[in-house]
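The data block below is coords-v7.cif; it holds mmCIF, C-alpha atoms.
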```cif
data_model
#
loop_
_atom_site.label_atom_id
_atom_site.label_comp_id
_atom_site.auth_asym_id
_atom_site.auth_seq_id
_atom_site.Cartn_x
_atom_site.Cartn_y
_atom_site.Cartn_z
CA ILE A 114 251.82 196.07 39.08
CA SER A 115 251.01 193.84 36.15
CA MET A 116 251.67 195.22 32.68
CA ASP A 117 249.90 193.77 29.66
CA GLY A 118 253.12 193.41 27.70
CA SER A 119 256.47 195.16 27.82
CA VAL A 120 255.08 198.54 26.75
CA PRO A 121 257.84 201.22 26.76
CA GLU A 122 255.61 204.00 28.08
CA MET A 123 254.33 201.82 30.88
CA LYS A 124 257.82 200.66 31.83
CA LYS A 125 259.02 204.27 31.98
CA TYR A 126 256.15 205.28 34.26
CA VAL A 127 256.52 202.26 36.55
CA HIS A 128 260.22 203.09 36.96
CA THR A 129 259.24 206.45 38.48
CA LEU A 130 257.33 204.64 41.24
CA ARG A 131 260.23 202.61 42.60
CA GLY A 132 261.47 205.40 44.84
CA GLN A 133 258.10 205.68 46.55
CA PHE A 134 257.46 201.91 46.59
CA PRO A 135 260.84 200.14 47.04
CA LYS A 136 259.17 196.71 47.38
CA LEU A 137 257.21 197.13 44.17
CA ILE A 138 256.77 193.89 42.21
CA VAL A 139 256.38 194.33 38.46
CA LEU A 140 254.84 191.55 36.37
CA VAL A 141 254.69 191.41 32.58
CA HIS A 142 251.97 189.35 30.93
CA PRO A 143 253.86 187.05 28.53
CA TYR A 144 250.80 186.22 26.41
CA SER A 145 249.70 189.79 25.79
CA CYS A 146 248.23 191.06 22.55
CA PHE A 147 250.96 193.71 22.60
CA GLU A 148 253.71 191.07 22.48
CA HIS A 149 251.84 189.03 19.85
CA PRO A 150 250.23 191.56 17.48
CA ASP A 151 249.91 189.18 14.50
CA THR A 152 249.66 185.82 16.25
CA PHE A 153 247.38 184.47 18.96
CA PRO A 154 246.14 186.01 21.19
CA GLY A 155 246.62 189.00 18.89
CA ASN A 156 245.28 189.45 15.39
CA ASP A 157 245.67 185.94 13.97
CA GLU A 158 243.34 186.23 10.99
CA SER A 159 243.39 182.47 10.40
CA LEU A 160 241.33 181.99 13.55
CA ASN A 161 238.25 183.38 11.81
CA LYS A 162 238.39 180.78 9.06
CA ASN A 163 235.53 178.33 9.56
CA TYR A 164 234.66 180.05 12.85
CA GLN A 165 230.90 180.50 13.17
CA GLY A 166 231.23 183.43 15.53
CA ASP A 167 230.33 184.10 19.15
CA LYS A 168 226.80 183.80 20.55
CA TYR A 169 225.83 186.89 18.55
CA GLY A 170 227.47 185.73 15.33
CA ASN A 171 230.43 188.12 15.60
CA PRO A 172 233.88 187.08 14.30
CA ARG A 173 236.78 186.92 16.73
CA GLU A 174 238.00 190.43 17.54
CA TYR A 175 241.31 190.05 19.33
CA GLN A 176 241.14 193.48 20.99
CA VAL A 177 238.28 192.50 23.26
CA THR A 178 239.94 189.28 24.43
CA CYS A 179 243.13 190.90 25.75
CA ALA A 180 241.88 192.02 29.17
CA LYS A 181 240.36 188.66 30.13
CA HIS A 182 243.52 186.83 29.06
CA HIS A 183 245.61 189.23 31.14
CA PHE A 184 243.41 189.04 34.24
CA THR A 185 243.27 185.24 34.08
CA TRP A 186 247.06 184.97 33.94
CA LEU A 187 247.48 187.58 36.68
CA LEU A 188 245.05 185.83 39.02
CA LYS A 189 246.86 182.51 38.68
CA THR A 190 250.28 184.14 39.01
CA VAL A 191 249.74 186.10 42.22
CA PHE A 192 248.03 183.24 44.02
CA THR A 193 250.47 180.49 43.02
CA SER A 194 253.76 181.74 41.60
CA LEU A 195 255.13 184.62 43.67
CA GLU A 196 257.32 183.63 46.60
CA GLU A 197 257.26 187.19 47.99
CA VAL A 198 253.52 187.09 48.65
CA LYS A 199 252.86 183.39 49.23
CA ASP A 200 251.50 184.04 52.74
CA ALA A 201 249.20 186.94 51.78
CA ASP A 202 245.68 186.91 53.24
CA GLY A 203 244.33 188.30 49.98
CA PHE A 204 244.94 190.59 47.04
CA LEU A 205 243.33 193.84 45.93
CA PHE A 206 242.77 193.79 42.16
CA MET A 207 242.34 197.23 40.63
CA GLU A 208 242.81 198.55 37.11
CA GLU A 209 245.06 201.51 36.44
CA ASP A 210 242.37 204.16 35.88
CA TYR A 211 241.13 204.38 39.46
CA VAL A 212 241.88 206.85 42.23
CA VAL A 213 241.70 205.79 45.86
CA ALA A 214 240.57 207.28 49.16
CA PRO A 215 243.11 208.15 51.88
CA THR A 216 241.90 205.19 53.96
CA ILE A 217 242.08 202.53 51.24
CA TYR A 218 244.64 200.38 53.11
CA GLU A 219 242.68 200.52 56.36
CA THR A 220 239.54 199.62 54.42
CA VAL A 221 241.15 196.59 52.79
CA TRP A 222 242.59 195.26 56.05
CA THR A 223 239.38 195.79 58.00
CA GLY A 224 237.33 194.22 55.22
CA LEU A 225 239.58 191.17 55.07
CA PHE A 226 239.35 190.72 58.84
CA LEU A 227 235.54 190.89 58.75
CA VAL A 228 235.26 188.52 55.77
CA GLN A 229 237.45 185.98 57.55
CA LYS A 230 235.38 186.43 60.71
CA LEU A 231 232.16 185.73 58.80
CA ALA A 232 233.74 182.69 57.10
CA LYS A 233 234.48 181.14 60.51
CA LYS A 234 230.76 181.42 61.22
CA GLY A 235 229.93 179.62 57.97
CA ASP A 236 228.98 182.74 56.00
CA GLN A 237 231.44 182.91 53.11
CA LEU A 238 231.57 186.04 50.95
CA PHE A 239 233.29 186.47 47.61
CA GLY A 240 235.60 189.14 48.95
CA VAL A 241 235.86 192.84 49.78
CA GLY A 242 234.57 195.60 47.55
CA THR A 243 235.70 199.23 47.54
CA ASP A 244 232.94 201.03 45.64
CA PRO A 245 229.40 200.72 46.99
CA THR A 246 228.05 202.61 43.95
CA ARG A 247 229.33 199.86 41.59
CA GLY A 248 230.86 202.44 39.28
CA GLY A 249 228.07 204.97 39.73
CA VAL A 250 225.24 202.51 39.02
CA THR A 251 223.71 203.11 42.44
CA SER A 252 223.66 206.07 44.82
CA SER A 253 226.58 206.61 47.17
CA GLY A 254 223.99 207.40 49.85
CA MET A 255 222.26 204.01 49.66
CA PHE A 256 223.60 202.93 53.06
CA GLY A 257 222.13 204.57 56.14
CA LYS A 258 224.94 204.07 58.65
CA GLU A 259 228.72 204.09 58.31
CA GLY A 260 229.82 200.50 58.26
CA TRP A 261 229.97 197.42 56.07
CA TYR A 262 227.19 195.91 53.97
CA PRO A 263 227.07 192.56 52.12
CA ALA A 264 226.14 193.46 48.55
CA HIS A 265 225.89 192.01 45.04
CA PHE A 266 229.16 191.92 43.08
CA SER A 267 229.25 192.94 39.43
CA SER A 268 232.48 194.80 38.74
CA GLY A 269 235.14 197.12 40.06
CA PRO A 270 238.13 196.79 42.41
CA MET A 271 237.89 193.79 44.71
CA VAL A 272 239.88 191.88 47.30
CA LEU A 273 240.05 188.10 46.85
CA THR A 274 241.19 185.51 49.38
CA PRO A 275 242.88 182.12 48.81
CA PRO A 276 239.76 180.04 49.70
CA VAL A 277 237.66 181.87 47.09
CA TYR A 278 240.46 181.58 44.54
CA GLN A 279 240.45 177.81 45.09
CA LYS A 280 236.70 177.69 44.40
CA PHE A 281 237.39 179.66 41.23
CA ILE A 282 240.07 177.19 40.09
CA ASP A 283 237.85 174.22 40.91
CA ASN A 284 235.32 175.59 38.41
CA ALA A 285 237.69 177.16 35.89
CA ASP A 286 235.94 175.52 32.94
CA VAL A 287 232.77 177.53 33.62
CA TYR A 288 234.75 180.79 33.65
CA CYS A 289 236.82 179.99 30.57
CA ASN A 290 234.00 178.64 28.43
CA PHE A 291 231.49 181.40 29.14
CA ASP A 292 231.04 183.58 26.03
CA ASP A 293 231.80 186.96 27.58
CA TYR A 294 235.02 188.92 27.06
CA ASN A 295 234.61 190.57 30.48
CA TRP A 296 236.43 188.73 33.26
CA ASP A 297 234.13 190.29 35.88
CA TRP A 298 230.86 189.24 34.23
CA SER A 299 232.37 185.80 33.70
CA ILE A 300 232.80 185.65 37.48
CA VAL A 301 229.20 186.81 37.96
CA HIS A 302 228.17 183.91 35.71
CA MET A 303 229.93 181.55 38.10
CA MET A 304 227.97 183.16 40.92
CA ASP A 305 224.77 182.59 38.95
CA LYS A 306 225.55 178.90 39.03
CA LYS A 307 226.31 179.11 42.76
CA LEU A 308 229.91 178.07 42.20
CA LEU A 309 231.18 181.20 43.96
CA PRO A 310 229.70 183.28 46.79
CA ARG A 311 227.51 186.03 45.35
CA ARG A 312 228.17 188.77 47.85
CA VAL A 313 231.07 191.08 48.59
CA LEU A 314 231.46 193.13 51.75
CA GLN A 315 231.16 196.78 50.73
CA PRO A 316 232.12 199.86 52.77
CA SER A 317 229.39 202.45 53.08
CA VAL A 318 231.81 205.16 51.91
CA VAL A 319 233.27 205.14 48.38
CA GLN A 320 236.97 204.19 48.50
CA THR A 321 237.76 203.98 44.77
CA VAL A 322 236.53 205.97 41.78
CA HIS A 323 236.86 204.98 38.14
CA ILE A 324 238.10 208.01 36.18
CA GLY A 325 238.66 206.46 32.73
CA THR A 326 235.72 207.06 30.38
CA GLU A 327 237.25 206.23 27.00
CA GLY A 328 239.98 203.94 25.73
CA GLY A 329 240.41 200.26 26.50
CA MET A 330 237.05 198.54 26.07
CA HIS A 331 235.25 201.87 25.62
CA ASP A 332 234.44 203.47 22.30
CA HIS A 333 237.22 205.50 20.75
CA SER A 334 236.56 208.95 19.37
CA SER A 335 238.52 211.75 17.76
CA SER A 336 239.12 213.20 21.21
CA GLY A 337 241.25 210.20 22.19
CA PHE A 338 241.39 208.99 25.78
CA ARG A 339 239.36 211.02 28.22
CA MET A 340 239.07 211.10 31.98
CA SER A 341 235.99 211.77 34.03
CA SER A 342 235.95 214.65 36.47
CA GLY A 343 235.91 212.29 39.47
CA GLU A 344 232.81 213.93 40.93
CA THR A 345 232.34 211.30 43.66
CA PRO A 346 234.22 212.50 46.75
CA LEU A 347 236.79 210.15 48.25
CA LEU A 348 236.37 210.49 51.99
CA PRO A 349 237.94 208.66 54.93
CA PHE A 350 236.18 205.51 56.10
CA HIS A 351 236.61 203.91 59.53
CA GLY A 352 233.60 201.58 59.73
CA LYS A 353 233.91 198.41 61.80
CA LYS A 354 230.33 197.12 62.12
CA ILE A 355 228.44 194.98 59.60
CA PHE A 356 224.85 195.81 58.64
CA ASP A 357 222.67 193.60 56.44
CA GLN A 358 219.90 195.23 54.40
CA GLY A 359 219.52 192.67 51.60
CA TYR A 360 220.57 193.00 47.98
CA LYS A 361 219.25 192.56 44.44
CA TRP A 362 220.87 190.05 42.08
CA SER A 363 221.58 190.83 38.41
CA PRO A 364 222.45 187.71 36.38
CA ALA A 365 225.13 187.73 33.69
CA LYS A 366 223.67 187.44 30.20
CA GLY A 367 226.99 187.12 28.39
CA TYR A 368 228.23 189.91 26.11
CA GLY A 369 229.99 187.64 23.63
CA GLY A 370 233.47 188.18 22.24
CA TRP A 371 234.78 185.00 23.88
CA GLY A 372 233.30 182.21 21.82
CA HIS A 373 236.41 181.08 19.97
CA PRO A 374 237.75 177.68 21.13
CA GLN A 375 241.33 178.96 21.03
CA ASP A 376 240.63 181.70 23.60
CA GLN A 377 238.78 179.24 25.82
CA LYS A 378 241.51 176.61 25.55
CA HIS A 379 244.30 179.09 26.34
CA CYS A 380 242.35 180.29 29.37
CA LEU A 381 242.03 176.72 30.67
CA GLU A 382 245.71 176.00 30.06
CA ILE A 383 246.73 179.10 32.00
CA LEU A 384 244.59 177.96 34.93
CA GLY A 385 246.10 174.48 34.82
CA VAL A 386 243.15 172.58 33.37
CA ASP A 387 243.99 169.58 31.17
CA THR A 388 242.91 170.29 27.60
CA LYS A 389 244.47 167.25 25.87
CA SER A 390 241.04 165.92 24.99
CA TRP A 391 240.18 169.09 23.05
#
```
What would you get if you wrote out this structure as structure tokens?
Amino acid sequence: ISMDGSVPEMKKYVHTLRGQFPKLIVLVHPYSCFEHPDTFPGNDESLNKNYQGDKYGNPREYQVTCAKHHFTWLLKTVFTSLEEVKDADGFLFMEEDYVVAPTIYETVWTGLFLVQKLAKKGDQLFGVGTDPTRGGVTSSGMFGKEGWYPAHFSSGPMVLTPPVYQKFIDNADVYCNFDDYNWDWSIVHMMDKKLLPRRVLQPSVVQTVHIGTEGGMHDHSSSGFRMSSGETPLLPFHGKKIFDQGYKWSPAKGYGGWGHPQDQKHCLEILGVDTKSW
């Protein structure tokens, strides 16, 4: 678990999980907006002086930068800095407001095996997906047979492998300098440029459902944080065969919020890119 700062409520909840998960590793993002509310990457008002704004002319809004900063640090940390998982075949990245199917572990392991099998044949995929509806964008019945389907990646829980992470690091400047506060659409932008494989291997049966509808990057209202009803059923999945039915590509246009040089420079420094010439 990676916490975006040493948040008391989060620490209290995570403590309750240790009995069920004795090998639980807890990470705390040291550059979080929570830990730095009035300085970078938090609300450093001086950063808007002489700043012309993002691609849409908006001033720097620190709130929207927090998630991409956190994910960037987390990605680098789990792939390079944790002795306990140095030999891992891959990592499942999933935000806290998801629920999972009873076969999620089987799905991840099977998906990883199939992705590695395809890579040996010269067909490299970005990783393993867990939600073929892409957060409800498409129908859960889009696949005819139970099995695995190469599909376009845009967002949601995903499993990444070390070879793909290395491709990501090799092109970190494209990710860090793209004016989009979303880490996932920044990755799609890299796919647009053919710097990363475009496809993920998706199960035909939904294995994760996003239940958070407000809070975080979503609009806030007087009702506070709300959860969706989780209408998509989470059923067991035991598919082993790969089917290929083609896919449609949606390019990343860039939503802004990440145009400030300080955010871009910090991102590059976290990923180990030399920024002395900046």
Please indicate the distance in Å from CA of Trp296 in chain A to CA of Phe184 in chain A, rounded to one decimal place.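 Result for CA of Trp296 in chain A versus CA of Phe184 in chain A: 7.1 Å, one decimal.
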Suppose a student applies the PyMOL selection byres ((chain A and resi 316) around 8) to this structure; what residues should they get, written as a list in words?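 Applying the PyMOL selection byres ((chain A and resi 316) around 8) to the structure shown produces Thr220, Gly242, Thr243, Asp244, Pro245, Glu259, Gly260, Trp261, Tyr262, Leu314, Gln315, Ser317, Val318, Val319, Gln320, Phe350 and Gly352 of chain A.
Every protein or nucleic acid residue with an atom no more than 10 Å from Phe153 in chain A, counting only C-alpha atoms and leaving out same-chain residues fewer than 3 positions away, appears here: Tyr144, Ser145, Cys146, Glu148, His149, Pro150, Asn156, Asp157, Glu158, Ser159, Leu160, Tyr175, Gln375, Asp376 and His379 of chain A.
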Go ahead and write the residues just picked, C-alpha atoms, as a tab-separated table (two decimals), in the coordinates of the input.
```tsv
chain	number	residue	atom	x	y	z
A	144	TYR	CA	250.80	186.22	26.41
A	145	SER	CA	249.70	189.79	25.79
A	146	CYS	CA	248.23	191.06	22.55
A	148	GLU	CA	253.71	191.07	22.48
A	149	HIS	CA	251.84	189.03	19.85
A	150	PRO	CA	250.23	191.56	17.48
A	156	ASN	CA	245.28	189.45	15.39
A	157	ASP	CA	245.67	185.94	13.97
A	158	GLU	CA	243.34	186.23	10.99
A	159	SER	CA	243.39	182.47	10.40
A	160	LEU	CA	241.33	181.99	13.55
A	175	TYR	CA	241.31	190.05	19.33
A	375	GLN	CA	241.33	178.96	21.03
A	376	ASP	CA	240.63	181.70	23.60
A	379	HIS	CA	244.30	179.09	26.34
```
The PyMOL selection byres ((chain A and resi 165-173) around 9) resolved against shown file, as a PDB file with C-alpha atoms, in the coordinates of the input:
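Now in part-v6.pdb:
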```pdb
ATOM      1  CA  ASN A 156     245.280 189.450  15.390  1.00  0.00           C
ATOM      2  CA  GLU A 158     243.340 186.230  10.990  1.00  0.00           C
ATOM      3  CA  LEU A 160     241.330 181.990  13.550  1.00  0.00           C
ATOM      4  CA  ASN A 161     238.250 183.380  11.810  1.00  0.00           C
ATOM      5  CA  LYS A 162     238.390 180.780   9.060  1.00  0.00           C
ATOM      6  CA  ASN A 163     235.530 178.330   9.560  1.00  0.00           C
ATOM      7  CA  TYR A 164     234.660 180.050  12.850  1.00  0.00           C
ATOM      8  CA  GLU A 174     238.000 190.430  17.540  1.00  0.00           C
ATOM      9  CA  TYR A 175     241.310 190.050  19.330  1.00  0.00           C
ATOM     10  CA  GLN A 176     241.140 193.480  20.990  1.00  0.00           C
ATOM     11  CA  VAL A 177     238.280 192.500  23.260  1.00  0.00           C
ATOM     12  CA  THR A 178     239.940 189.280  24.430  1.00  0.00           C
ATOM     13  CA  ASP A 292     231.040 183.580  26.030  1.00  0.00           C
ATOM     14  CA  GLY A 367     226.990 187.120  28.390  1.00  0.00           C
ATOM     15  CA  TYR A 368     228.230 189.910  26.110  1.00  0.00           C
ATOM     16  CA  GLY A 369     229.990 187.640  23.630  1.00  0.00           C
ATOM     17  CA  GLY A 370     233.470 188.180  22.240  1.00  0.00           C
ATOM     18  CA  TRP A 371     234.780 185.000  23.880  1.00  0.00           C
ATOM     19  CA  GLY A 372     233.300 182.210  21.820  1.00  0.00           C
ATOM     20  CA  HIS A 373     236.410 181.080  19.970  1.00  0.00           C
TER      21      HIS A 373
END
```
Could you jot down the CA of Tyr278 in chain A to CA of Leu188 in chain A separation for me, Å, one decimal place?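 Separation between CA of Tyr278 in chain A and CA of Leu188 in chain A: 8.3 Å.
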Residue contacts of Ala285 in chain A (9 Å, all atoms listed in the file) excluding same-chain residues fewer than 5 positions away, as a CSV table (one decimal) with C-alpha atoms, in the frame of the given file:
```
chain,number,residue,atom,x,y,z
A,280,LYS,CA,236.7,177.7,44.4
A,290,ASN,CA,234.0,178.6,28.4
A,380,CYS,CA,242.4,180.3,29.4
A,381,LEU,CA,242.0,176.7,30.7
A,384,LEU,CA,244.6,178.0,34.9
A,385,GLY,CA,246.1,174.5,34.8
A,386,VAL,CA,243.2,172.6,33.4
```
Provide an axis-aligned box for all listed atoms of range 382-387 of chain A, padding each side by 4 Å; report its centre and its edge lengths in Å to one decimal, as JSON.
```
{"center_x": 244.9, "center_y": 174.3, "center_z": 32.5, "size_x": 11.6, "size_y": 17.5, "size_z": 12.9}
```
Asp236 in chain A surroundings by only C-alpha atoms, 12 Å radius, close-in-sequence under 2 positions cut, as a PyMOL selection string: chain A and resi 227-234+238-240+263+310-314
Neighbour list for range 268-277 of chain A as number ranges by chain, cut-off 6 Å, all atoms listed in the file, skip fewer than 3 positions in-chain: A: 203-207, 240-242, 280, 297
Length of the CA of Gln133 in chain A to CA of Thr185 in chain A vector [Å]: 28.2 Å
Which of these, A:Asp387, A:Gly224, A:Leu347, A:Tyr288, has the shortest distance to Val212 in chain A once you count all atoms listed in the file?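 Ranking A:Asp387, A:Gly224, A:Leu347, A:Tyr288 by distance to Val212 in chain A, first place goes to A:Leu347.
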Counting only C-alpha atoms, which residues sit no farther than 8 Å from the position (220.2, 192.6, 53.6) in the file's frame? I'd like them as a compact mmCIF listing (two decimals) with C-alpha atoms, in the frame of the given file.
```txt
# COMPACT_ATOMS: atom_id res chain seq x y z
CA TYR A 262 227.19 195.91 53.97
CA PRO A 263 227.07 192.56 52.12
CA ALA A 264 226.14 193.46 48.55
CA PHE A 356 224.85 195.81 58.64
CA ASP A 357 222.67 193.60 56.44
CA GLN A 358 219.90 195.23 54.40
CA GLY A 359 219.52 192.67 51.60
CA TYR A 360 220.57 193.00 47.98
```
Just so the selection is clear, what residues does the PyMOL selection byres ((chain A and resi 119) around 8) cover here, as a PyMOL selection string? chain A and resi 116-118+120-121+123-124+141-142+147-148
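Of the listed residues A:Pro349, A:Phe266, A:Ile138, A:Ser115, the one whose atoms come nearest to Trp186 in chain A is A:Ser115, with distances taken using all atoms listed in the file.
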Leaving out Tyr211 in chain A and any residue of its chain fewer than 6 positions from it, which residues lie within 7 Å of it when counting all atoms listed in the file, given as a PyMOL selection string? chain A and resi 321-324
Store the residues picked out above, limited to C-alpha atoms, as a tab-separated table (two decimals), in the frame of the given file.
```
chain	number	residue	atom	x	y	z
A	321	THR	CA	237.76	203.98	44.77
A	322	VAL	CA	236.53	205.97	41.78
A	323	HIS	CA	236.86	204.98	38.14
A	324	ILE	CA	238.10	208.01	36.18
```
